[in-house]
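Enquirer: If it helps, the file is called data_14.pdb and holds PDB, C-alpha atoms:
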```
ATOM      1  CA  MET A  51     -24.279 -13.085  -2.291
ATOM      2  CA  ASN A  52     -27.972 -13.728  -2.556
ATOM      3  CA  ASP A  53     -28.244 -17.372  -3.549
ATOM      4  CA  HIS A  54     -28.863 -19.495  -0.498
ATOM      5  CA  SER A  55     -27.486 -22.895  -1.242
ATOM      6  CA  GLN A  56     -29.045 -25.729   0.720
ATOM      7  CA  LEU A  57     -25.835 -27.718   0.405
ATOM      8  CA  LEU A  58     -23.744 -24.886   1.837
ATOM      9  CA  ASN A  59     -26.148 -24.351   4.724
ATOM     10  CA  ARG A  60     -26.070 -27.983   5.779
ATOM     11  CA  SER A  61     -22.335 -28.457   5.422
ATOM     12  CA  MET A  62     -21.543 -25.251   7.320
ATOM     13  CA  GLY A  63     -23.789 -26.411  10.166
ATOM     14  CA  ILE A  64     -21.636 -29.494  10.514
ATOM     15  CA  ILE A  65     -18.394 -27.544  10.307
ATOM     16  CA  TYR A  66     -18.921 -25.058  13.209
ATOM     17  CA  PRO A  67     -18.117 -27.357  16.161
ATOM     18  CA  PHE A  68     -14.960 -28.577  14.497
ATOM     19  CA  ILE A  69     -13.731 -25.028  13.905
ATOM     20  CA  ILE A  70     -14.449 -24.084  17.528
ATOM     21  CA  LEU A  71     -12.790 -27.237  18.823
ATOM     22  CA  PHE A  72      -9.719 -26.787  16.652
ATOM     23  CA  GLY A  73      -9.333 -23.129  17.593
ATOM     24  CA  LEU A  74      -9.720 -23.772  21.310
ATOM     25  CA  TYR A  75      -7.281 -26.687  21.081
ATOM     26  CA  MET A  76      -4.695 -24.498  19.380
ATOM     27  CA  ILE A  77      -5.086 -21.790  22.006
ATOM     28  CA  ALA A  78      -5.114 -24.030  25.070
ATOM     29  CA  ASN A  79      -2.158 -26.097  23.910
ATOM     30  CA  GLY A  80      -0.211 -23.133  22.650
ATOM     31  CA  HIS A  81       2.607 -23.568  25.132
ATOM     32  CA  VAL A  82       3.271 -27.259  24.498
ATOM     33  CA  SER A  83       2.605 -27.685  20.793
ATOM     34  CA  PRO A  84       2.638 -25.623  17.614
ATOM     35  CA  GLY A  85      -0.009 -22.955  17.844
ATOM     36  CA  GLY A  86      -0.803 -20.146  20.199
ATOM     37  CA  GLY A  87      -3.022 -17.175  20.686
ATOM     38  CA  PHE A  88      -2.616 -15.525  17.308
ATOM     39  CA  GLN A  89      -3.127 -18.614  15.203
ATOM     40  CA  GLY A  90      -5.992 -19.937  17.326
ATOM     41  CA  GLY A  91      -7.732 -16.567  17.248
ATOM     42  CA  ALA A  92      -7.484 -16.450  13.484
ATOM     43  CA  VAL A  93      -8.974 -19.962  13.298
ATOM     44  CA  LEU A  94     -11.800 -18.962  15.667
ATOM     45  CA  SER A  95     -12.691 -15.971  13.526
ATOM     46  CA  ALA A  96     -13.347 -18.403  10.682
ATOM     47  CA  ILE A  97     -16.614 -19.312  12.459
ATOM     48  CA  PHE A  98     -18.189 -16.026  11.494
ATOM     49  CA  ILE A  99     -16.861 -16.234   7.964
ATOM     50  CA  ALA A 100     -18.506 -19.651   7.626
ATOM     51  CA  LYS A 101     -21.667 -18.160   9.134
ATOM     52  CA  TYR A 102     -21.571 -15.408   6.524
ATOM     53  CA  LEU A 103     -21.159 -17.953   3.744
ATOM     54  CA  SER A 104     -24.292 -19.821   4.755
ATOM     55  CA  GLN A 105     -26.479 -16.897   5.901
ATOM     56  CA  PRO A 106     -25.325 -13.444   4.789
ATOM     57  CA  ILE A 107     -27.199 -11.456   7.401
ATOM     58  CA  MET A 108     -25.997  -9.078  10.085
ATOM     59  CA  PHE A 109     -26.716 -10.651  13.433
ATOM     60  CA  LEU A 110     -23.792  -9.357  15.478
ATOM     61  CA  ASP A 111     -23.675  -6.183  17.480
ATOM     62  CA  LEU A 112     -20.274  -4.966  16.374
ATOM     63  CA  ALA A 113     -20.020  -2.368  19.126
ATOM     64  CA  ARG A 114     -20.451  -5.120  21.682
ATOM     65  CA  VAL A 115     -17.767  -7.207  19.968
ATOM     66  CA  GLN A 116     -15.451  -4.226  20.068
ATOM     67  CA  THR A 117     -16.146  -3.726  23.761
ATOM     68  CA  LEU A 118     -15.265  -7.377  24.303
ATOM     69  CA  GLU A 119     -12.032  -6.870  22.426
ATOM     70  CA  LYS A 120     -11.109  -3.797  24.447
ATOM     71  CA  THR A 121     -11.871  -5.698  27.647
ATOM     72  CA  ALA A 122      -9.603  -8.523  26.506
ATOM     73  CA  LEU A 123      -6.793  -6.074  25.809
ATOM     74  CA  LEU A 124      -7.249  -4.424  29.217
ATOM     75  CA  ALA A 125      -7.242  -7.815  30.920
ATOM     76  CA  LEU A 126      -4.103  -8.790  29.021
ATOM     77  CA  LEU A 127      -2.372  -5.570  30.083
ATOM     78  CA  ILE A 128      -3.374  -6.083  33.719
ATOM     79  CA  LEU A 129      -2.348  -9.745  33.641
ATOM     80  CA  VAL A 130       1.090  -9.113  32.172
ATOM     81  CA  THR A 131       1.731  -6.117  34.417
ATOM     82  CA  LEU A 132       0.760  -8.043  37.522
ATOM     83  CA  PHE A 133       2.824 -11.013  36.418
ATOM     84  CA  ILE A 134       5.918  -8.907  35.960
ATOM     85  CA  THR A 135       5.611  -6.596  38.936
ATOM     86  CA  LEU A 136       4.545  -9.127  41.560
ATOM     87  CA  ASN A 137       7.583 -11.347  40.834
ATOM     88  CA  VAL A 138       5.716 -14.476  41.826
ATOM     89  CA  TYR A 139       7.388 -16.503  39.107
ATOM     90  CA  GLN A 140      10.807 -16.233  40.683
ATOM     91  CA  THR A 141       9.724 -18.195  43.723
ATOM     92  CA  PHE A 142       6.903 -20.351  42.317
ATOM     93  CA  ILE A 143       7.892 -21.488  38.874
ATOM     94  CA  GLN A 144       4.719 -23.581  38.562
ATOM     95  CA  VAL A 145       2.711 -20.381  38.028
ATOM     96  CA  ILE A 146       4.149 -19.685  34.616
ATOM     97  CA  PRO A 147       2.246 -22.286  32.505
ATOM     98  CA  TYR A 148      -1.062 -20.989  33.903
ATOM     99  CA  TYR A 149      -0.024 -17.468  33.017
ATOM    100  CA  LEU A 150       0.888 -18.627  29.506
ATOM    101  CA  ILE A 151      -2.484 -20.341  29.020
ATOM    102  CA  LEU A 152      -4.421 -17.324  30.329
ATOM    103  CA  ALA A 153      -2.479 -14.849  28.203
ATOM    104  CA  ASN A 154      -2.891 -17.064  25.149
ATOM    105  CA  LEU A 155      -6.644 -17.217  25.775
ATOM    106  CA  LEU A 156      -6.897 -13.434  26.021
ATOM    107  CA  ILE A 157      -4.798 -12.931  22.901
ATOM    108  CA  GLY A 158      -6.900 -15.483  21.031
ATOM    109  CA  LEU A 159     -10.127 -13.770  22.088
ATOM    110  CA  LYS A 160      -8.757 -10.409  21.040
ATOM    111  CA  VAL A 161      -7.507 -11.566  17.636
ATOM    112  CA  ALA A 162     -10.772 -13.437  16.945
ATOM    113  CA  CYS A 163     -12.848 -10.344  17.781
ATOM    114  CA  GLY A 164     -10.596  -8.131  15.690
ATOM    115  CA  MET A 165     -10.689 -10.324  12.606
ATOM    116  CA  THR A 166     -14.471 -10.702  12.942
ATOM    117  CA  ILE A 167     -14.957  -6.935  13.110
ATOM    118  CA  ILE A 168     -12.718  -6.376  10.098
ATOM    119  CA  PHE A 169     -14.505  -9.046   8.064
ATOM    120  CA  TYR A 170     -18.033  -7.882   8.888
ATOM    121  CA  ARG A 171     -17.140  -4.255   8.333
ATOM    122  CA  PHE A 172     -15.807  -5.123   4.882
ATOM    123  CA  ALA A 173     -18.649  -7.486   4.034
ATOM    124  CA  PHE A 174     -21.557  -5.246   5.021
ATOM    125  CA  TYR A 175     -20.385  -1.647   5.002
ATOM    126  CA  GLU A 176     -17.968  -1.522   2.103
ATOM    127  CA  SER A 177     -19.902  -3.625  -0.384
ATOM    128  CA  ARG A 178     -22.308  -1.230  -2.010
ATOM    129  CA  GLU A 179     -24.092  -1.932  -5.174
TER
ATOM    130  CA  MET B 139      23.870 -21.282  -9.355
ATOM    131  CA  LYS B 140      21.963 -23.870  -7.426
ATOM    132  CA  ASP B 141      22.896 -22.490  -4.038
ATOM    133  CA  LEU B 142      21.624 -19.083  -5.136
ATOM    134  CA  ILE B 143      18.064 -20.363  -5.051
ATOM    135  CA  ASN B 144      17.359 -20.075  -1.366
ATOM    136  CA  GLY B 145      14.961 -18.140   0.799
ATOM    137  CA  GLU B 146      17.060 -15.003   1.052
ATOM    138  CA  THR B 147      17.470 -14.521  -2.701
ATOM    139  CA  VAL B 148      13.794 -15.185  -3.321
ATOM    140  CA  SER B 149      12.816 -12.726  -0.613
ATOM    141  CA  ILE B 150      15.098 -10.019  -2.033
ATOM    142  CA  CYS B 151      13.585 -10.562  -5.501
ATOM    143  CA  LEU B 152      10.064 -10.338  -4.013
ATOM    144  CA  PHE B 153      10.977  -7.163  -2.136
ATOM    145  CA  PHE B 154      12.201  -5.454  -5.287
ATOM    146  CA  ILE B 155       9.130  -6.600  -7.193
ATOM    147  CA  GLY B 156       7.162  -4.763  -4.516
ATOM    148  CA  VAL B 157       9.395  -1.690  -4.892
ATOM    149  CA  TYR B 158       8.818  -1.765  -8.651
ATOM    150  CA  GLY B 159       5.075  -1.892  -8.063
ATOM    151  CA  LEU B 160       5.307   1.096  -5.752
ATOM    152  CA  CYS B 161       7.437   3.143  -8.147
ATOM    153  CA  ALA B 162       6.157   2.336 -11.601
ATOM    154  CA  ARG B 163       2.425   1.847 -11.145
ATOM    155  CA  ARG B 164      -0.043   4.585 -10.412
ATOM    156  CA  ASN B 165      -2.925   2.375  -9.357
ATOM    157  CA  ILE B 166      -3.801   2.640  -5.671
ATOM    158  CA  LEU B 167      -4.855  -0.991  -5.378
ATOM    159  CA  LYS B 168      -1.559  -2.098  -6.912
ATOM    160  CA  THR B 169       0.255   0.049  -4.371
ATOM    161  CA  ILE B 170      -1.521  -1.777  -1.549
ATOM    162  CA  ILE B 171      -0.745  -5.150  -3.137
ATOM    163  CA  SER B 172       2.905  -4.147  -3.502
ATOM    164  CA  MET B 173       3.085  -3.241   0.158
ATOM    165  CA  SER B 174       1.697  -6.660   1.057
ATOM    166  CA  ILE B 175       4.265  -8.343  -1.184
ATOM    167  CA  MET B 176       7.083  -6.387   0.463
ATOM    168  CA  GLN B 177       5.837  -7.405   3.875
ATOM    169  CA  ALA B 178       5.714 -11.066   2.885
ATOM    170  CA  ALA B 179       9.255 -10.746   1.524
ATOM    171  CA  ILE B 180      10.511  -9.327   4.809
ATOM    172  CA  VAL B 181       8.839 -12.161   6.721
ATOM    173  CA  LEU B 182      10.455 -14.712   4.406
ATOM    174  CA  TYR B 183      13.874 -13.094   4.858
ATOM    175  CA  PHE B 184      13.524 -13.190   8.632
ATOM    176  CA  LEU B 185      12.582 -16.838   8.632
ATOM    177  CA  SER B 186      15.183 -18.018   6.136
ATOM    178  CA  SER B 187      18.153 -16.014   7.399
ATOM    179  CA  ASN B 188      19.195 -18.749   9.826
ATOM    180  CA  TYR B 189      17.735 -21.651   7.916
ATOM    181  CA  GLU B 190      19.270 -25.085   8.239
ATOM    182  CA  SER B 191      17.713 -27.970   6.394
ATOM    183  CA  THR B 192      18.306 -30.497   9.172
ATOM    184  CA  ALA B 193      17.047 -28.381  12.064
ATOM    185  CA  VAL B 194      14.133 -29.549  14.179
ATOM    186  CA  PRO B 195      11.356 -27.223  15.424
ATOM    187  CA  PRO B 196      12.047 -25.547  18.793
ATOM    188  CA  ILE B 197       9.478 -27.599  20.692
ATOM    189  CA  GLY B 198      10.418 -30.059  23.365
ATOM    190  CA  LYS B 199      11.505 -30.387  26.950
ATOM    191  CA  ASN B 200      15.120 -31.233  26.285
ATOM    192  CA  LEU B 201      16.114 -28.927  23.475
ATOM    193  CA  ALA B 202      19.700 -28.378  24.581
ATOM    194  CA  SER B 203      20.581 -32.011  23.914
ATOM    195  CA  LEU B 204      19.498 -31.837  20.280
ATOM    196  CA  GLU B 205      22.021 -31.238  17.556
ATOM    197  CA  ARG B 206      20.408 -28.478  15.494
ATOM    198  CA  VAL B 207      17.345 -26.540  16.577
ATOM    199  CA  ALA B 208      15.658 -23.892  14.464
ATOM    200  CA  ASP B 209      16.009 -20.330  15.713
ATOM    201  CA  PRO B 210      12.831 -19.497  17.677
ATOM    202  CA  LEU B 211      13.393 -15.736  17.768
ATOM    203  CA  PRO B 212      12.438 -14.816  14.159
ATOM    204  CA  GLN B 213       9.405 -17.096  14.416
ATOM    205  CA  ALA B 214       8.152 -15.253  17.492
ATOM    206  CA  LEU B 215       8.728 -11.880  15.842
ATOM    207  CA  THR B 216       7.053 -13.049  12.642
ATOM    208  CA  ILE B 217       3.814 -14.088  14.368
ATOM    209  CA  THR B 218       3.219 -10.525  15.470
ATOM    210  CA  ALA B 219       4.352  -9.126  12.124
ATOM    211  CA  VAL B 220       1.785 -11.193  10.226
ATOM    212  CA  VAL B 221      -1.120  -9.918  12.341
ATOM    213  CA  ILE B 222       0.104  -6.335  11.992
ATOM    214  CA  GLY B 223       0.340  -6.841   8.231
ATOM    215  CA  VAL B 224      -3.266  -7.994   8.064
ATOM    216  CA  SER B 225      -4.471  -5.000  10.052
ATOM    217  CA  VAL B 226      -2.414  -2.514   8.017
ATOM    218  CA  THR B 227      -3.797  -3.965   4.782
ATOM    219  CA  ALA B 228      -7.333  -3.698   6.154
ATOM    220  CA  VAL B 229      -6.872  -0.026   7.063
ATOM    221  CA  CYS B 230      -5.358   0.692   3.631
ATOM    222  CA  LEU B 231      -8.276  -0.969   1.847
ATOM    223  CA  THR B 232     -10.833   0.917   3.952
ATOM    224  CA  MET B 233      -9.180   4.243   3.144
ATOM    225  CA  PHE B 234      -9.048   3.255  -0.515
ATOM    226  CA  VAL B 235     -12.769   2.400  -0.639
ATOM    227  CA  SER B 236     -13.698   5.720   0.999
ATOM    228  CA  MET B 237     -11.495   7.597  -1.450
ATOM    229  CA  PHE B 238     -12.846   5.686  -4.429
ATOM    230  CA  HIS B 239     -16.408   6.582  -3.531
ATOM    231  CA  LYS B 240     -15.433  10.214  -3.130
ATOM    232  CA  TYR B 241     -13.317  10.742  -6.249
ATOM    233  CA  GLY B 242     -14.339   7.833  -8.459
ATOM    234  CA  THR B 243     -10.888   6.844  -9.669
ATOM    235  CA  THR B 244      -8.057   4.497  -8.726
ATOM    236  CA  ASN B 245      -5.222   6.610 -10.096
ATOM    237  CA  TRP B 246      -2.987   8.617  -7.801
ATOM    238  CA  ASN B 247      -2.549  11.487 -10.252
ATOM    239  CA  LYS B 248      -6.240  11.766 -11.085
ATOM    240  CA  VAL B 249      -7.068  11.779  -7.379
ATOM    241  CA  LYS B 250      -4.574  14.588  -6.871
ATOM    242  CA  LYS B 251      -6.026  16.570  -9.774
ATOM    243  CA  LYS B 252      -9.612  16.141  -8.608
ATOM    244  CA  ARG B 253      -8.678  17.100  -5.090
ATOM    245  CA  SER B 254      -7.051  20.320  -6.294
ATOM    246  CA  GLU B 255     -10.153  21.088  -8.401
ATOM    247  CA  ILE B 256     -12.477  20.629  -5.441
ATOM    248  CA  ASP B 257     -10.466  22.757  -3.035
TER
ATOM    249  CA  MET C 266       8.998   3.596 -21.554
ATOM    250  CA  ARG C 267       9.182   5.150 -18.126
ATOM    251  CA  ARG C 268       8.132   1.863 -16.598
ATOM    252  CA  SER C 269      10.868  -0.121 -18.328
ATOM    253  CA  TYR C 270      13.540   2.371 -17.221
ATOM    254  CA  ILE C 271      12.342   2.082 -13.641
ATOM    255  CA  GLY C 272      12.236  -1.711 -13.982
ATOM    256  CA  LEU C 273      15.811  -1.850 -15.307
ATOM    257  CA  PHE C 274      17.057   0.437 -12.542
ATOM    258  CA  ILE C 275      15.396  -1.630  -9.816
ATOM    259  CA  PHE C 276      16.645  -4.845 -11.451
ATOM    260  CA  PHE C 277      20.247  -3.673 -11.207
ATOM    261  CA  ILE C 278      19.744  -2.588  -7.616
ATOM    262  CA  ALA C 279      18.326  -6.035  -6.839
ATOM    263  CA  LEU C 280      21.332  -7.708  -8.499
ATOM    264  CA  VAL C 281      23.725  -5.634  -6.387
ATOM    265  CA  VAL C 282      21.795  -6.446  -3.217
ATOM    266  CA  ILE C 283      21.763 -10.182  -3.967
ATOM    267  CA  TYR C 284      25.507 -10.070  -4.702
ATOM    268  CA  GLN C 285      26.203  -8.257  -1.444
ATOM    269  CA  ASN C 286      23.954 -10.621   0.463
ATOM    270  CA  ASN C 287      25.915 -13.618  -0.753
ATOM    271  CA  LEU C 288      29.251 -11.855  -0.295
ATOM    272  CA  ILE C 289      28.885 -10.984   3.368
ATOM    273  CA  PRO C 290      28.189 -13.995   5.579
ATOM    274  CA  LEU C 291      25.834 -13.754   8.498
ATOM    275  CA  SER C 292      27.332 -13.792  11.948
ATOM    276  CA  VAL C 293      27.594 -17.404  12.999
ATOM    277  CA  THR C 294      27.220 -16.903  16.731
ATOM    278  CA  LYS C 295      23.602 -16.801  17.871
ATOM    279  CA  PRO C 296      23.732 -15.946  21.589
ATOM    280  CA  ILE C 297      20.032 -15.147  22.069
ATOM    281  CA  SER C 298      18.874 -18.241  20.217
ATOM    282  CA  GLU C 299      21.289 -20.462  22.123
ATOM    283  CA  TYR C 300      20.225 -18.974  25.434
ATOM    284  CA  VAL C 301      16.542 -19.453  24.673
ATOM    285  CA  ILE C 302      16.974 -23.004  23.426
ATOM    286  CA  LYS C 303      19.019 -23.901  26.488
ATOM    287  CA  ASN C 304      16.914 -22.225  29.151
ATOM    288  CA  ALA C 305      13.373 -21.918  27.822
ATOM    289  CA  TYR C 306      11.931 -24.995  29.482
ATOM    290  CA  THR C 307      13.718 -24.641  32.798
ATOM    291  CA  GLU C 308      12.863 -20.956  33.148
ATOM    292  CA  THR C 309       9.284 -20.885  31.889
ATOM    293  CA  GLY C 310       8.022 -24.458  31.933
ATOM    294  CA  ALA C 311       6.780 -24.150  28.382
ATOM    295  CA  PRO C 312       8.089 -26.709  25.901
ATOM    296  CA  ASN C 313       7.227 -24.426  22.989
ATOM    297  CA  ALA C 314      10.094 -21.957  22.838
ATOM    298  CA  VAL C 315       8.197 -19.582  20.548
ATOM    299  CA  THR C 316       5.451 -19.089  23.135
ATOM    300  CA  ALA C 317       8.100 -18.662  25.802
ATOM    301  CA  ILE C 318       9.640 -15.863  23.757
ATOM    302  CA  TYR C 319       6.520 -13.914  22.895
ATOM    303  CA  LEU C 320       4.892 -14.182  26.302
ATOM    304  CA  PHE C 321       7.854 -14.262  28.652
ATOM    305  CA  TYR C 322      11.082 -12.888  27.235
ATOM    306  CA  ARG C 323       9.586 -10.321  24.878
ATOM    307  CA  TYR C 324       6.133  -9.500  26.208
ATOM    308  CA  TYR C 325       6.306  -5.864  25.070
ATOM    309  CA  ASP C 326       6.205  -7.108  21.481
ATOM    310  CA  THR C 327       2.930  -8.917  22.121
ATOM    311  CA  LEU C 328       1.370  -6.103  24.135
ATOM    312  CA  PHE C 329       2.036  -3.400  21.589
ATOM    313  CA  GLU C 330       0.999  -5.702  18.771
ATOM    314  CA  ALA C 331      -2.376  -6.160  20.483
ATOM    315  CA  LEU C 332      -2.631  -2.388  20.905
ATOM    316  CA  MET C 333      -1.812  -1.939  17.216
ATOM    317  CA  LEU C 334      -4.562  -4.385  16.231
ATOM    318  CA  LEU C 335      -7.062  -2.445  18.359
ATOM    319  CA  PHE C 336      -6.001   0.842  16.751
ATOM    320  CA  SER C 337      -6.345  -0.576  13.261
ATOM    321  CA  ILE C 338      -9.839  -1.850  14.066
ATOM    322  CA  ILE C 339     -10.822   1.581  15.371
ATOM    323  CA  ALA C 340      -9.467   3.035  12.128
ATOM    324  CA  VAL C 341     -11.420   0.524  10.017
ATOM    325  CA  ILE C 342     -14.656   1.289  11.860
ATOM    326  CA  TYR C 343     -14.391   5.064  11.752
ATOM    327  CA  MET C 344     -13.138   5.290   8.198
ATOM    328  CA  SER C 345     -15.874   3.110   6.763
ATOM    329  CA  VAL C 346     -18.641   5.423   7.990
ATOM    330  CA  HIS C 347     -19.770   7.293   4.906
ATOM    331  CA  GLU C 348     -21.901  10.383   4.857
ATOM    332  CA  HIS C 349     -25.056  10.835   2.752
ATOM    333  CA  GLU C 350     -25.928   7.222   3.266
ATOM    334  CA  GLY C 351     -27.273   6.642   6.738
ATOM    335  CA  ASP C 352     -26.733   3.516   8.695
ATOM    336  CA  ARG C 353     -28.080   0.476   6.988
ATOM    337  CA  TYR C 354     -27.152  -1.605   9.969
ATOM    338  CA  ASP C 355     -27.539  -0.359  13.448
ATOM    339  CA  GLU C 356     -24.332   0.100  15.349
TER
END
```
Would you give me this structure, written as structure tokens?

Expert:
Amino acid sequence: MNDHSQLLNRSMGIIYPFIILFGLYMIANGHVSPGGGFQGGAVLSAIFIAKYLSQPIMFLDLARVQTLEKTALLALLILVTLFITLNVYQTFIQVIPYYLILANLLIGLKVACGMTIIFYRFAFYESRE
Amino acid sequence: MKDLINGETVSICLFFIGVYGLCARRNILKTIISMSIMQAAIVLYFLSSNYESTAVPPIGKNLASLERVADPLPQALTITAVVIGVSVTAVCLTMFVSMFHKYGTTNWNKVKKKRSEID
Amino acid sequence: MRRSYIGLFIFFIALVVIYQNNLIPLSVTKPISEYVIKNAYTETGAPNAVTAIYLFYRYYDTLFEALMLLFSIIAVIYMSVHEHEGDRYDE
């Protein structure tokens, strides 16, 4: 993909904030409306695909993205384990929506990082001329 | 005949199309595509097994008062299944690309023959 | 010829499976679904019952799915490193 289209560059620059907003909305409202961590994370990973469409260069440090993803998984494990073992939700039922939002955020971060790594790996490492 | 055309029948047909692709074709890429088709068929069967045309989505604060609500359990299981399907397909394609650059063919039998020649 | 025999065989299997699927009705009682629909909002405070299931009632599903995604990404990264090429992009 070597032809840099001016039209594509401009239109993708407009699109980024809407993708971010839509993904964050889906994640943050996952417990009251259709959506959730998985879908919102997949939408968020579309940012980097749009970035690749306009400028096909490698600008990400994939090892750092993978570290972020592992951290998100560890945080999710710790969060769920604490939530279950501490039994706070049986006395304070108001805690549960915050737990749902936090877990959805972590899942969304993890899925977005994972899809980004898969896409960039395929786009840059597997495409050989 | 008309009540045969529902989600379950379509998903069974799709599943056996995938099985045919696995059995009859020797192309590795077609094998991966067949596995994806089978996975989509299983997802469709899960979702349509309790389908009612008048059911409302399971979102709302007072669901118990509604007449018919869609089953939320297969939807929750399907969300995870879709992400796992994507990742499995990605791993399959990566292994296929590595193997293609090593042996230079997309045929199972030729790959087997070349591997036995090399060893 | 081999392909058409396999296709015919699988076609008959599919016909049998469709016949059986329409012959045997699904169980009409849905205890888990009814329980979730009745109690999801009062027990979790989440109006979306699907989120309540995959983060509250069945969290193991979500956790191991996340683990599976991480494993598949590790597999993608370490299987797409090819020898005799060098790294075109720094890791």

Enquirer: So which residues get picked by the PyMOL selection byres ((chain A) within 10 of (chain B)) here, written as an mmCIF file with C-alpha atoms, in the coordinates of the input?

Expert:
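Okay, selection-v6.cif is ready:
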```
data_model
loop_
_atom_site.group_PDB
_atom_site.id
_atom_site.type_symbol
_atom_site.label_atom_id
_atom_site.label_comp_id
_atom_site.auth_asym_id
_atom_site.auth_seq_id
_atom_site.Cartn_x
_atom_site.Cartn_y
_atom_site.Cartn_z
ATOM 1 C CA HIS A 81 2.607 -23.568 25.132
ATOM 2 C CA VAL A 82 3.271 -27.259 24.498
ATOM 3 C CA SER A 83 2.605 -27.685 20.793
ATOM 4 C CA PRO A 84 2.638 -25.623 17.614
ATOM 5 C CA GLY A 86 -0.803 -20.146 20.199
ATOM 6 C CA GLY A 87 -3.022 -17.175 20.686
ATOM 7 C CA PHE A 88 -2.616 -15.525 17.308
ATOM 8 C CA GLN A 89 -3.127 -18.614 15.203
ATOM 9 C CA ALA A 92 -7.484 -16.450 13.484
ATOM 10 C CA VAL A 161 -7.507 -11.566 17.636
ATOM 11 C CA GLY A 164 -10.596 -8.131 15.690
ATOM 12 C CA MET A 165 -10.689 -10.324 12.606
ATOM 13 C CA ILE A 168 -12.718 -6.376 10.098
ATOM 14 C CA PHE A 169 -14.505 -9.046 8.064
ATOM 15 C CA ARG A 171 -17.140 -4.255 8.333
ATOM 16 C CA PHE A 172 -15.807 -5.123 4.882
ATOM 17 C CA TYR A 175 -20.385 -1.647 5.002
ATOM 18 C CA GLU A 176 -17.968 -1.522 2.103
ATOM 19 C CA SER A 177 -19.902 -3.625 -0.384
ATOM 20 C CA ARG A 178 -22.308 -1.230 -2.010
#
```

Enquirer: Would you be able to write out as a list of chain:residue names which residues have an atom within 6 Å of (13.4, -17.4, 22.4) in the file's coordinates, counting all atoms listed in the file?

Expert: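 Final list of nearby residues, as requested, is B:Pro210, B:Leu211, C:Ser298, C:Val301, C:Ala314, C:Val315, C:Ile318.
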
Enquirer: Do me a favour and pick out the residues of chain C within 12 Å of chain A, using only C-alpha atoms, as a ChimeraX atom specification.

Expert: /C:305-325,327-347,350-356

Enquirer: Let's have the selection written as an mmCIF file, in the frame of the given file, with C-alpha atoms.

Expert:
```cif
data_model
loop_
_atom_site.group_PDB
_atom_site.id
_atom_site.type_symbol
_atom_site.label_atom_id
_atom_site.label_comp_id
_atom_site.auth_asym_id
_atom_site.auth_seq_id
_atom_site.Cartn_x
_atom_site.Cartn_y
_atom_site.Cartn_z
ATOM 1 C CA ALA C 305 13.373 -21.918 27.822
ATOM 2 C CA TYR C 306 11.931 -24.995 29.482
ATOM 3 C CA THR C 307 13.718 -24.641 32.798
ATOM 4 C CA GLU C 308 12.863 -20.956 33.148
ATOM 5 C CA THR C 309 9.284 -20.885 31.889
ATOM 6 C CA GLY C 310 8.022 -24.458 31.933
ATOM 7 C CA ALA C 311 6.780 -24.150 28.382
ATOM 8 C CA PRO C 312 8.089 -26.709 25.901
ATOM 9 C CA ASN C 313 7.227 -24.426 22.989
ATOM 10 C CA ALA C 314 10.094 -21.957 22.838
ATOM 11 C CA VAL C 315 8.197 -19.582 20.548
ATOM 12 C CA THR C 316 5.451 -19.089 23.135
ATOM 13 C CA ALA C 317 8.100 -18.662 25.802
ATOM 14 C CA ILE C 318 9.640 -15.863 23.757
ATOM 15 C CA TYR C 319 6.520 -13.914 22.895
ATOM 16 C CA LEU C 320 4.892 -14.182 26.302
ATOM 17 C CA PHE C 321 7.854 -14.262 28.652
ATOM 18 C CA TYR C 322 11.082 -12.888 27.235
ATOM 19 C CA ARG C 323 9.586 -10.321 24.878
ATOM 20 C CA TYR C 324 6.133 -9.500 26.208
ATOM 21 C CA TYR C 325 6.306 -5.864 25.070
ATOM 22 C CA THR C 327 2.930 -8.917 22.121
ATOM 23 C CA LEU C 328 1.370 -6.103 24.135
ATOM 24 C CA PHE C 329 2.036 -3.400 21.589
ATOM 25 C CA GLU C 330 0.999 -5.702 18.771
ATOM 26 C CA ALA C 331 -2.376 -6.160 20.483
ATOM 27 C CA LEU C 332 -2.631 -2.388 20.905
ATOM 28 C CA MET C 333 -1.812 -1.939 17.216
ATOM 29 C CA LEU C 334 -4.562 -4.385 16.231
ATOM 30 C CA LEU C 335 -7.062 -2.445 18.359
ATOM 31 C CA PHE C 336 -6.001 0.842 16.751
ATOM 32 C CA SER C 337 -6.345 -0.576 13.261
ATOM 33 C CA ILE C 338 -9.839 -1.850 14.066
ATOM 34 C CA ILE C 339 -10.822 1.581 15.371
ATOM 35 C CA ALA C 340 -9.467 3.035 12.128
ATOM 36 C CA VAL C 341 -11.420 0.524 10.017
ATOM 37 C CA ILE C 342 -14.656 1.289 11.860
ATOM 38 C CA TYR C 343 -14.391 5.064 11.752
ATOM 39 C CA MET C 344 -13.138 5.290 8.198
ATOM 40 C CA SER C 345 -15.874 3.110 6.763
ATOM 41 C CA VAL C 346 -18.641 5.423 7.990
ATOM 42 C CA HIS C 347 -19.770 7.293 4.906
ATOM 43 C CA GLU C 350 -25.928 7.222 3.266
ATOM 44 C CA GLY C 351 -27.273 6.642 6.738
ATOM 45 C CA ASP C 352 -26.733 3.516 8.695
ATOM 46 C CA ARG C 353 -28.080 0.476 6.988
ATOM 47 C CA TYR C 354 -27.152 -1.605 9.969
ATOM 48 C CA ASP C 355 -27.539 -0.359 13.448
ATOM 49 C CA GLU C 356 -24.332 0.100 15.349
#
```

Enquirer: Between atom CA of B:Ile180 and atom CA of B:Tyr158, what is the spacing in Å?

Expert: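 Going from atom CA of B:Tyr158 over to atom CA of B:Ile180 covers 15.5 Å.
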
Enquirer: Please provide the set of residues having any atom within 10 Å of stretch 284-287 of chain C, restricted to all atoms listed in the file, with same-chain residues fewer than 6 positions apart removed, written as a compact mmCIF listing (two decimals) with C-alpha atoms, in the coordinates of the input.

Expert:
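Written file, selection.txt:
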```
# COMPACT_ATOMS: atom_id res chain seq x y z
CA ASP B 141 22.90 -22.49 -4.04
CA LEU B 142 21.62 -19.08 -5.14
CA GLU B 146 17.06 -15.00 1.05
CA THR B 147 17.47 -14.52 -2.70
CA ILE B 150 15.10 -10.02 -2.03
CA ILE C 278 19.74 -2.59 -7.62
```
